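A.B. asks: What follows is data02.cif, made up of mmCIF, C-alpha atoms and all ligand atoms:
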data_my_file
#
loop_
_atom_site.label_atom_id
_atom_site.label_comp_id
_atom_site.auth_asym_id
_atom_site.auth_seq_id
_atom_site.Cartn_x
_atom_site.Cartn_y
_atom_site.Cartn_z
CA MET A 1 92.97 -14.08 -130.37
CA SER A 2 89.25 -14.39 -129.81
CA TYR A 3 87.91 -14.87 -126.30
CA ASN A 4 84.48 -15.78 -125.01
CA LEU A 5 84.34 -14.18 -121.57
CA ILE A 6 81.88 -13.85 -118.70
CA LEU A 7 82.26 -11.03 -116.16
CA LEU A 8 80.63 -12.17 -112.95
CA GLY A 9 80.27 -9.98 -109.88
CA PRO A 10 77.85 -8.10 -107.65
CA PRO A 11 76.32 -4.74 -108.59
CA GLY A 12 79.07 -2.12 -108.53
CA ALA A 13 81.94 -4.63 -108.79
CA GLY A 14 83.22 -2.90 -111.93
CA LYS A 15 81.88 -5.24 -114.62
CA GLY A 16 80.84 -2.43 -116.96
CA THR A 17 83.99 -0.37 -116.30
CA GLN A 18 86.30 -3.30 -117.01
CA ALA A 19 84.23 -4.67 -119.93
CA LYS A 20 84.86 -1.40 -121.78
CA VAL A 21 88.63 -1.77 -121.27
CA LEU A 22 88.59 -5.40 -122.46
CA THR A 23 86.50 -4.43 -125.51
CA GLU A 24 89.17 -1.92 -126.54
CA ARG A 25 92.02 -4.28 -125.83
CA PHE A 26 90.67 -7.40 -127.56
CA GLY A 27 88.29 -5.91 -130.15
CA ILE A 28 85.35 -8.01 -128.94
CA PRO A 29 81.91 -6.58 -128.03
CA GLN A 30 80.62 -5.91 -124.52
CA ILE A 31 77.19 -7.53 -124.18
CA SER A 32 75.48 -6.03 -121.14
CA THR A 33 71.97 -7.29 -120.45
CA GLY A 34 71.53 -4.34 -118.08
CA ASP A 35 72.34 -1.83 -120.86
CA ILE A 36 70.03 -3.63 -123.33
CA LEU A 37 67.21 -3.66 -120.75
CA ARG A 38 67.70 0.05 -119.92
CA ALA A 39 67.49 0.90 -123.64
CA ALA A 40 64.17 -1.01 -123.85
CA VAL A 41 62.89 0.83 -120.76
CA LYS A 42 63.86 4.18 -122.31
CA ASP A 43 62.08 3.30 -125.58
CA GLN A 44 59.03 2.16 -123.56
CA THR A 45 58.69 -1.04 -125.58
CA PRO A 46 56.22 -3.58 -124.10
CA PHE A 47 59.23 -5.62 -123.12
CA GLY A 48 60.88 -2.60 -121.45
CA VAL A 49 57.73 -1.75 -119.52
CA ARG A 50 57.60 -5.33 -118.17
CA ALA A 51 61.29 -5.35 -117.25
CA LYS A 52 61.18 -1.94 -115.50
CA ALA A 53 58.88 -3.20 -112.75
CA PHE A 54 61.52 -5.75 -111.71
CA MET A 55 64.53 -3.46 -112.16
CA ASP A 56 63.01 -0.68 -110.04
CA GLN A 57 62.67 -3.13 -107.16
CA GLY A 58 66.23 -4.38 -107.50
CA ALA A 59 64.93 -7.81 -108.54
CA LEU A 60 66.10 -9.89 -111.47
CA VAL A 61 64.07 -9.77 -114.67
CA PRO A 62 62.51 -13.21 -115.47
CA ASP A 63 64.87 -15.64 -117.19
CA ASP A 64 62.78 -16.07 -120.35
CA LEU A 65 62.96 -12.32 -121.18
CA VAL A 66 66.70 -12.12 -120.67
CA ILE A 67 67.42 -15.35 -122.52
CA ASP A 68 65.56 -14.03 -125.59
CA ILE A 69 67.77 -10.91 -125.51
CA ILE A 70 70.96 -12.93 -125.35
CA ARG A 71 69.90 -15.40 -128.02
CA GLU A 72 69.31 -12.52 -130.43
CA ARG A 73 72.46 -10.62 -129.42
CA LEU A 74 74.79 -13.61 -129.71
CA SER A 75 73.48 -14.36 -133.19
CA MET A 76 74.77 -10.98 -134.42
CA ALA A 77 77.89 -10.96 -136.58
CA ASP A 78 80.07 -8.96 -134.18
CA SER A 79 80.06 -11.70 -131.55
CA ALA A 80 81.21 -14.43 -133.92
CA HIS A 81 84.83 -13.93 -132.89
CA GLY A 82 84.49 -13.41 -129.17
CA PHE A 83 82.40 -11.47 -126.66
CA ILE A 84 82.31 -10.18 -123.11
CA LEU A 85 79.13 -11.03 -121.26
CA ASP A 86 78.53 -8.34 -118.61
CA GLY A 87 75.70 -9.22 -116.23
CA PHE A 88 74.70 -12.48 -117.91
CA PRO A 89 74.21 -15.24 -116.85
CA ARG A 90 72.76 -14.37 -113.46
CA THR A 91 70.94 -17.57 -112.56
CA VAL A 92 71.75 -21.26 -112.95
CA ALA A 93 68.89 -21.54 -115.48
CA GLN A 94 70.49 -18.78 -117.60
CA ALA A 95 73.90 -20.48 -117.37
CA ASP A 96 72.43 -23.81 -118.51
CA VAL A 97 70.76 -22.19 -121.53
CA LEU A 98 73.94 -20.28 -122.42
CA SER A 99 76.03 -23.40 -122.37
CA LYS A 100 73.54 -25.19 -124.66
CA MET A 101 73.36 -22.15 -126.99
CA LEU A 102 77.13 -22.04 -127.31
CA SER A 103 77.69 -25.77 -127.71
CA ASP A 104 75.03 -25.89 -130.47
CA ASN A 105 77.32 -23.47 -132.33
CA GLY A 106 80.55 -25.30 -131.52
CA LYS A 107 81.59 -22.65 -128.99
CA SER A 108 82.41 -22.53 -125.29
CA ILE A 109 83.36 -20.08 -122.55
CA ASP A 110 87.10 -19.47 -122.05
CA HIS A 111 87.10 -17.62 -118.71
CA VAL A 112 84.59 -16.64 -116.06
CA ILE A 113 86.15 -13.64 -114.33
CA SER A 114 84.69 -13.41 -110.85
CA ILE A 115 85.21 -9.92 -109.40
CA THR A 116 84.81 -9.58 -105.64
CA VAL A 117 84.31 -6.37 -103.63
CA ASP A 118 82.86 -6.00 -100.11
CA ASN A 119 79.29 -4.74 -99.71
CA ASP A 120 80.13 -1.40 -98.03
CA GLU A 121 82.38 -0.43 -100.95
CA LEU A 122 79.77 -1.63 -103.48
CA ILE A 123 77.12 0.62 -101.93
CA GLN A 124 79.47 3.65 -101.98
CA ARG A 125 80.30 3.00 -105.61
CA VAL A 126 76.73 2.61 -106.79
CA ILE A 127 75.17 5.52 -104.95
CA GLY A 128 77.93 7.82 -106.29
CA ARG A 129 77.76 6.55 -109.83
CA LEU A 130 76.88 8.62 -112.90
CA THR A 131 76.13 6.79 -116.15
CA CYS A 132 76.42 8.06 -119.71
CA LYS A 133 73.10 8.32 -121.59
CA GLY A 134 74.92 7.64 -124.85
CA CYS A 135 77.47 4.85 -124.42
CA GLY A 136 76.66 3.61 -120.90
CA ARG A 137 80.11 4.29 -119.46
CA GLY A 138 80.07 4.66 -115.68
CA TYR A 139 81.67 7.53 -113.75
CA HIS A 140 81.87 8.20 -110.04
CA LEU A 141 81.46 11.42 -108.07
CA LYS A 142 84.56 10.57 -105.97
CA PHE A 143 86.54 7.84 -107.73
CA ASP A 144 86.17 8.53 -111.46
CA LEU A 145 85.10 12.07 -112.38
CA PRO A 146 84.47 13.06 -116.01
CA ALA A 147 86.79 15.70 -117.49
CA VAL A 148 83.83 18.06 -118.11
CA GLU A 149 81.13 18.09 -115.41
CA GLY A 150 78.02 16.16 -116.45
CA LYS A 151 79.46 15.05 -119.83
CA CYS A 152 80.90 11.72 -120.99
CA ASN A 153 84.65 11.73 -121.81
CA VAL A 154 84.11 9.20 -124.59
CA CYS A 155 81.00 10.34 -126.48
CA GLY A 156 80.13 13.74 -124.94
CA ALA A 157 76.55 12.73 -124.02
CA ASP A 158 74.93 13.79 -120.73
CA LEU A 159 75.45 11.78 -117.54
CA TYR A 160 72.51 10.67 -115.36
CA GLN A 161 71.83 8.69 -112.20
CA ARG A 162 70.30 5.25 -112.81
CA ASP A 163 66.84 4.72 -111.25
CA ASP A 164 68.09 1.61 -109.43
CA ASP A 165 71.13 3.33 -107.90
CA LYS A 166 69.26 4.49 -104.78
CA GLU A 167 70.63 2.92 -101.59
CA GLU A 168 67.45 0.96 -100.79
CA THR A 169 67.22 -0.54 -104.29
CA MET A 170 70.94 -1.30 -104.24
CA ARG A 171 70.49 -3.30 -101.03
CA ALA A 172 67.77 -5.36 -102.75
CA ARG A 173 70.12 -5.94 -105.71
CA LEU A 174 72.79 -7.24 -103.32
CA VAL A 175 70.29 -9.69 -101.83
CA ALA A 176 69.29 -10.89 -105.32
CA TYR A 177 72.96 -11.32 -106.19
CA ALA A 178 73.72 -13.37 -103.07
CA SER A 179 70.75 -15.70 -103.48
CA GLN A 180 70.45 -16.08 -107.27
CA THR A 181 73.80 -15.20 -108.88
CA ALA A 182 76.55 -16.09 -106.39
CA PRO A 183 75.79 -19.86 -106.83
CA LEU A 184 77.23 -19.47 -110.34
CA ILE A 185 80.71 -19.18 -108.83
CA GLU A 186 80.47 -22.79 -107.67
CA TYR A 187 78.73 -23.80 -110.93
CA TYR A 188 81.64 -22.51 -113.04
CA THR A 189 84.31 -23.58 -110.53
CA LYS A 190 83.18 -27.17 -111.10
CA LEU A 191 83.78 -26.58 -114.82
CA GLY A 192 87.29 -25.21 -114.10
CA LEU A 193 86.46 -21.82 -115.59
CA VAL A 194 86.53 -19.38 -112.66
CA ARG A 195 89.33 -16.80 -112.43
CA PRO A 196 88.88 -14.88 -109.15
CA VAL A 197 89.96 -11.24 -109.22
CA ASP A 198 90.04 -8.78 -106.30
CA GLY A 199 87.99 -5.79 -107.48
CA LEU A 200 89.33 -3.41 -104.84
CA GLY A 201 92.06 -1.02 -106.01
CA ALA A 202 92.76 1.40 -108.84
CA ILE A 203 90.66 0.83 -111.98
CA GLN A 204 93.79 0.70 -114.16
CA GLU A 205 95.51 -1.89 -111.95
CA ILE A 206 92.45 -4.11 -112.05
CA SER A 207 92.34 -3.78 -115.85
CA ASN A 208 95.97 -4.91 -116.03
CA THR A 209 95.18 -7.94 -113.87
CA LEU A 210 92.18 -8.86 -116.03
CA ILE A 211 94.23 -8.63 -119.23
CA ARG A 212 96.89 -10.90 -117.72
CA VAL A 213 94.22 -13.38 -116.63
CA VAL A 214 92.60 -13.47 -120.09
CA GLU A 215 95.88 -13.78 -121.97
CA GLY A 216 96.98 -16.52 -119.57
P1 LIG A 301 73.12 -4.35 -114.51
O1 LIG A 301 73.05 -3.16 -115.35
O2 LIG A 301 73.85 -5.53 -114.99
O3 LIG A 301 73.64 -3.90 -113.09
P2 LIG A 301 74.46 -4.68 -111.95
O4 LIG A 301 74.87 -6.06 -112.17
O5 LIG A 301 73.63 -4.44 -110.75
O6 LIG A 301 75.81 -4.02 -111.97
P3 LIG A 301 76.16 -2.52 -112.12
O7 LIG A 301 76.01 -2.10 -113.55
O8 LIG A 301 75.44 -1.72 -111.08
O9 LIG A 301 77.69 -2.53 -111.68
P4 LIG A 301 79.00 -2.88 -112.50
O10 LIG A 301 79.58 -4.14 -111.95
O11 LIG A 301 78.79 -2.80 -113.97
O12 LIG A 301 79.91 -1.68 -111.98
P5 LIG A 301 80.46 -0.38 -112.74
O13 LIG A 301 81.60 -0.75 -113.63
O14 LIG A 301 79.36 0.43 -113.31
O15 LIG A 301 71.63 -4.84 -114.15
C1 LIG A 301 70.64 -3.93 -113.74
C2 LIG A 301 69.32 -4.66 -113.56
O16 LIG A 301 68.91 -5.24 -114.82
C3 LIG A 301 69.34 -5.84 -112.58
O17 LIG A 301 69.13 -5.44 -111.26
C4 LIG A 301 68.18 -6.70 -113.12
O18 LIG A 301 66.95 -6.19 -112.73
C5 LIG A 301 68.32 -6.52 -114.62
N1 LIG A 301 69.17 -7.54 -115.26
C6 LIG A 301 70.34 -7.32 -115.93
N2 LIG A 301 70.85 -8.48 -116.39
C7 LIG A 301 70.00 -9.46 -115.97
C8 LIG A 301 70.00 -10.87 -116.11
N3 LIG A 301 71.00 -11.52 -116.76
N4 LIG A 301 68.97 -11.56 -115.56
C9 LIG A 301 67.97 -10.92 -114.92
N5 LIG A 301 67.91 -9.61 -114.74
C10 LIG A 301 68.93 -8.85 -115.27
O19 LIG A 301 81.09 0.40 -111.48
C11 LIG A 301 80.24 0.93 -110.47
C12 LIG A 301 80.76 2.29 -110.00
O20 LIG A 301 82.01 2.12 -109.35
C13 LIG A 301 81.00 3.30 -111.15
O21 LIG A 301 80.68 4.57 -110.66
C14 LIG A 301 82.52 3.19 -111.40
O22 LIG A 301 83.06 4.42 -111.86
C15 LIG A 301 83.06 2.85 -110.03
N6 LIG A 301 84.21 1.95 -110.04
C16 LIG A 301 84.44 0.89 -110.89
N7 LIG A 301 85.61 0.27 -110.57
C17 LIG A 301 86.12 0.95 -109.50
C18 LIG A 301 87.30 0.81 -108.71
N8 LIG A 301 88.19 -0.15 -108.96
N9 LIG A 301 87.50 1.68 -107.68
C19 LIG A 301 86.60 2.67 -107.42
N10 LIG A 301 85.46 2.86 -108.15
C20 LIG A 301 85.23 2.01 -109.17
MG MG A 302 77.12 -2.48 -115.20
#
Write out the structure in this file as structure tokens.
C.D. replies:
Amino acid sequence: MSYNLILLGPPGAGKGTQAKVLTERFGIPQISTGDILRAAVKDQTPFGVRAKAFMDQGALVPDDLVIDIIRERLSMADSAHGFILDGFPRTVAQADVLSKMLSDNGKSIDHVISITVDNDELIQRVIGRLTCKGCGRGYHLKFDLPAVEGKCNVCGADLYQRDDDKEETMRARLVAYASQTAPLIEYYTKLGLVRPVDGLGAIQEISNTLIRVVEG
């Protein structure tokens, strides 16, 4: 089966963690705008330099930049038979463009998985997170340690702390989520697409719930 999925949720909800499980399970790519932006920042492209100023403040990158990324990414062959959008859309304007982009290609979204976690837990998760420089997998100093200290279990690359994972920046990201992204829950509820999932609990249990939700 091919599925066109959106993972919606605040920073630290587990979008990236669960997207990687769903990718394995369903053989469809994870498309993370955050990962694509971080790669551009690392390569110091003009686009990355522009995006970094927003990311470092915990603010959203302007819609036009992110929409260009997604347009290009969704036109690649590997997303022809399903995809997992992780961190996109994040504004109503992005959601409107996505829906037009998909309908122009005879496609639509199957499920919008809305993961909820309270803010105190989100802050604990993000400030303790380590991220793989190679594949982007997230780890956690308390909840999800790598087998070898400082190294990714999957690809062996070094782990690092994201620049925007400082507590102050995380608080700004939560504000941006509440004001600009949370309205998408109502937007997609009206379209009958939202599948709410409690993001609190063991990572594996949440994965099992998500798989059940997707498979219906
Ligand atoms: P992005 O990279 O998308 O970050 P985010 O949405 O803030 O979300 P995170 O990646 O922090 O969290 P996550 O939900 O993936 O959680 P994870 O699985 O890692 O965006 C970064 C920035 O880029 C934005 O601020 C913005 O500037 C820009 N940007 C990106 N997309 C954009 C867009 N569309 N428009 C405009 N700007 C955009 O888990 C977090 C931690 O918790 C990990 O350590 C993990 O091990 C742990 N964990 C996961 N699940 C559990 C669990 N069940 N129990 C305990 N610990 C857990
Ligand atoms: Mg993520």
A.B. asks: Could you name the residues that touch Val213 of chain A at 12 Å or less, counting only C-alpha atoms, but leaving out those on the same chain fewer than 3 positions away, as a PDB file with C-alpha atoms, in the coordinates of the input?
C.D. replies:
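In the end it all went to around27.pdb:
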ATOM      1  CA  TYR A   3      87.910 -14.870-126.300  1.00  0.00           C
ATOM      2  CA  LEU A   5      84.340 -14.180-121.570  1.00  0.00           C
ATOM      3  CA  LEU A  22      88.590  -5.400-122.460  1.00  0.00           C
ATOM      4  CA  ASP A 110      87.100 -19.470-122.050  1.00  0.00           C
ATOM      5  CA  HIS A 111      87.100 -17.620-118.710  1.00  0.00           C
ATOM      6  CA  VAL A 112      84.590 -16.640-116.060  1.00  0.00           C
ATOM      7  CA  ILE A 113      86.150 -13.640-114.330  1.00  0.00           C
ATOM      8  CA  SER A 114      84.690 -13.410-110.850  1.00  0.00           C
ATOM      9  CA  LEU A 193      86.460 -21.820-115.590  1.00  0.00           C
ATOM     10  CA  VAL A 194      86.530 -19.380-112.660  1.00  0.00           C
ATOM     11  CA  ARG A 195      89.330 -16.800-112.430  1.00  0.00           C
ATOM     12  CA  PRO A 196      88.880 -14.880-109.150  1.00  0.00           C
ATOM     13  CA  VAL A 197      89.960 -11.240-109.220  1.00  0.00           C
ATOM     14  CA  ILE A 206      92.450  -4.110-112.050  1.00  0.00           C
ATOM     15  CA  SER A 207      92.340  -3.780-115.850  1.00  0.00           C
ATOM     16  CA  ASN A 208      95.970  -4.910-116.030  1.00  0.00           C
ATOM     17  CA  THR A 209      95.180  -7.940-113.870  1.00  0.00           C
ATOM     18  CA  LEU A 210      92.180  -8.860-116.030  1.00  0.00           C
ATOM     19  CA  GLY A 216      96.980 -16.520-119.570  1.00  0.00           C
TER      20      GLY A 216
END
A.B. asks: Measure the distance from atom CA of Leu102 of chain A to atom CA of Val61 of chain A in Å and round it to one decimal.
C.D. replies: 21.9 Å
A.B. asks: Please provide the set of residues having any atom within 9 Å of Gln161 of chain A, restricted to all atoms listed in the file, with same-chain residues fewer than 4 positions apart removed, written as a count of residues only.
C.D. replies: 8
A.B. asks: What are the nearest atom pairs, with distances in Å to one decimal, for all residues of chain A that come at most 8 Å from ligand MG 302 (chain A), using all atoms listed in the file, set out by chain and rising residue number as JSON lines?
C.D. replies:
{"residue": "A:Pro11", "atom": "CA", "partner": "A:MG302", "partner_atom": "MG", "distance": 7.0}
{"residue": "A:Gly12", "atom": "CA", "partner": "A:MG302", "partner_atom": "MG", "distance": 7.0}
{"residue": "A:Gly14", "atom": "CA", "partner": "A:MG302", "partner_atom": "MG", "distance": 6.9}
{"residue": "A:Lys15", "atom": "CA", "partner": "A:MG302", "partner_atom": "MG", "distance": 5.5}
{"residue": "A:Gly16", "atom": "CA", "partner": "A:MG302", "partner_atom": "MG", "distance": 4.1}
{"residue": "A:Thr17", "atom": "CA", "partner": "A:MG302", "partner_atom": "MG", "distance": 7.3}
{"residue": "A:Ser32", "atom": "CA", "partner": "A:MG302", "partner_atom": "MG", "distance": 7.1}
{"residue": "A:Gly34", "atom": "CA", "partner": "A:MG302", "partner_atom": "MG", "distance": 6.6}
{"residue": "A:Asp35", "atom": "CA", "partner": "A:MG302", "partner_atom": "MG", "distance": 7.4}
{"residue": "A:Asp86", "atom": "CA", "partner": "A:MG302", "partner_atom": "MG", "distance": 6.9}
{"residue": "A:Gly87", "atom": "CA", "partner": "A:MG302", "partner_atom": "MG", "distance": 7.0}
{"residue": "A:Gly138", "atom": "CA", "partner": "A:MG302", "partner_atom": "MG", "distance": 7.7}
A.B. asks: Measuring between all atoms listed in the file, which one of A:Asn119, A:Thr33, A:Ser99, A:Thr23 shows the shortest distance to Ser2 of chain A?
C.D. replies: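 Checking each candidate against Ser2 of chain A, we get A:Thr23 as the closest.
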A.B. asks: Here is a test: counting only C-alpha atoms and all ligand atoms, which residue of A:Lys190, A:Arg90, A:Lys42, A:Arg212 is nearest to ligand LIG 301 (chain A)?
C.D. replies: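 So, comparing all the options, the nearest one is A:Arg90.
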A.B. asks: Rounded to one decimal place, report the atom N7 of ligand LIG 301 (chain A)-atom CA of Gln94 of chain A distance in Å.
C.D. replies: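 About the pair atom N7 of ligand LIG 301 (chain A) and atom CA of Gln94 of chain A: they are 25.3 Å apart.
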A.B. asks: A:Ile109, A:Val214, A:Ala39, A:Leu85: which is nearest Gly9 of chain A, counting only C-alpha atoms?
C.D. replies: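 Once distances to Gly9 of chain A are computed over only C-alpha atoms, the minimum belongs to A:Leu85.
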A.B. asks: Counting all atoms listed in the file, which of A:Arg38, A:Lys133, A:Lys151, A:Arg50 gets nearest to ligand LIG 301 (chain A)?
C.D. replies: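 Once distances to ligand LIG 301 (chain A) are computed over all atoms listed in the file, the minimum belongs to A:Arg38.
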A.B. asks: For atom O4 of ligand LIG 301 (chain A) and atom CA of Met1 of chain A, determine how far apart the two atoms are, in Å to one decimal place.
C.D. replies: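 One can read the atom O4 of ligand LIG 301 (chain A) to atom CA of Met1 of chain A distance as 26.9 Å.
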A.B. asks: For Ile70 of chain A, work out the shell of residues within 9 Å, counting all atoms listed in the file and skipping chain neighbours fewer than 4 positions away, then give it as a PyMOL selection string.
C.D. replies: chain A and resi 31+33+66+74-75+88+98
A.B. asks: With 6 Å added on each side, what axis-aligned box encloses every listed atom of ligand LIG 301 (chain A)? Give the centre and edge lengths in Å to one decimal, as lines of an AutoDock Vina configuration file.
C.D. replies:
center_x = 77.6
center_y = -3.5
center_z = -112.1
size_x = 33.2
size_y = 28.1
size_z = 21.3
A.B. asks: So which residues touch segment 52-55 of chain A within 12 Å, counting all atoms listed in the file, skipping near sequence neighbours fewer than 2 positions away, as a short mmCIF file (atom, residue, chain, number, x, y, z; two decimals) with C-alpha atoms, in the coordinates of the input?
C.D. replies:
data_model
loop_
_atom_site.label_atom_id
_atom_site.label_comp_id
_atom_site.auth_asym_id
_atom_site.auth_seq_id
_atom_site.Cartn_x
_atom_site.Cartn_y
_atom_site.Cartn_z
CA THR A 33 71.97 -7.29 -120.45
CA GLY A 34 71.53 -4.34 -118.08
CA ASP A 35 72.34 -1.83 -120.86
CA ILE A 36 70.03 -3.63 -123.33
CA LEU A 37 67.21 -3.66 -120.75
CA ARG A 38 67.70 0.05 -119.92
CA ALA A 39 67.49 0.90 -123.64
CA ALA A 40 64.17 -1.01 -123.85
CA VAL A 41 62.89 0.83 -120.76
CA LYS A 42 63.86 4.18 -122.31
CA ASP A 43 62.08 3.30 -125.58
CA GLN A 44 59.03 2.16 -123.56
CA THR A 45 58.69 -1.04 -125.58
CA PRO A 46 56.22 -3.58 -124.10
CA PHE A 47 59.23 -5.62 -123.12
CA GLY A 48 60.88 -2.60 -121.45
CA VAL A 49 57.73 -1.75 -119.52
CA ARG A 50 57.60 -5.33 -118.17
CA GLN A 57 62.67 -3.13 -107.16
CA GLY A 58 66.23 -4.38 -107.50
CA ALA A 59 64.93 -7.81 -108.54
CA LEU A 60 66.10 -9.89 -111.47
CA VAL A 61 64.07 -9.77 -114.67
CA PRO A 62 62.51 -13.21 -115.47
CA ASP A 63 64.87 -15.64 -117.19
CA LEU A 65 62.96 -12.32 -121.18
CA ARG A 162 70.30 5.25 -112.81
CA ASP A 163 66.84 4.72 -111.25
CA ASP A 164 68.09 1.61 -109.43
CA ASP A 165 71.13 3.33 -107.90
CA LYS A 166 69.26 4.49 -104.78
CA THR A 169 67.22 -0.54 -104.29
CA MET A 170 70.94 -1.30 -104.24
CA ALA A 172 67.77 -5.36 -102.75
CA ARG A 173 70.12 -5.94 -105.71
CA ALA A 176 69.29 -10.89 -105.32
#
A.B. asks: Nearest to His81 of chain A: which of A:Ile69, A:Ala202, A:Ala178, A:Ile28 is it, counting only C-alpha atoms?
C.D. replies: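 Smallest separation from His81 of chain A among the options: A:Ile28.
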A.B. asks: For Gly82 of chain A, which residue out of A:Phe143, A:Ile123, A:Lys107, A:Leu184 is the nearest one, using all atoms listed in the file?
C.D. replies: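 Closest to Gly82 of chain A, using all atoms listed in the file: A:Lys107.
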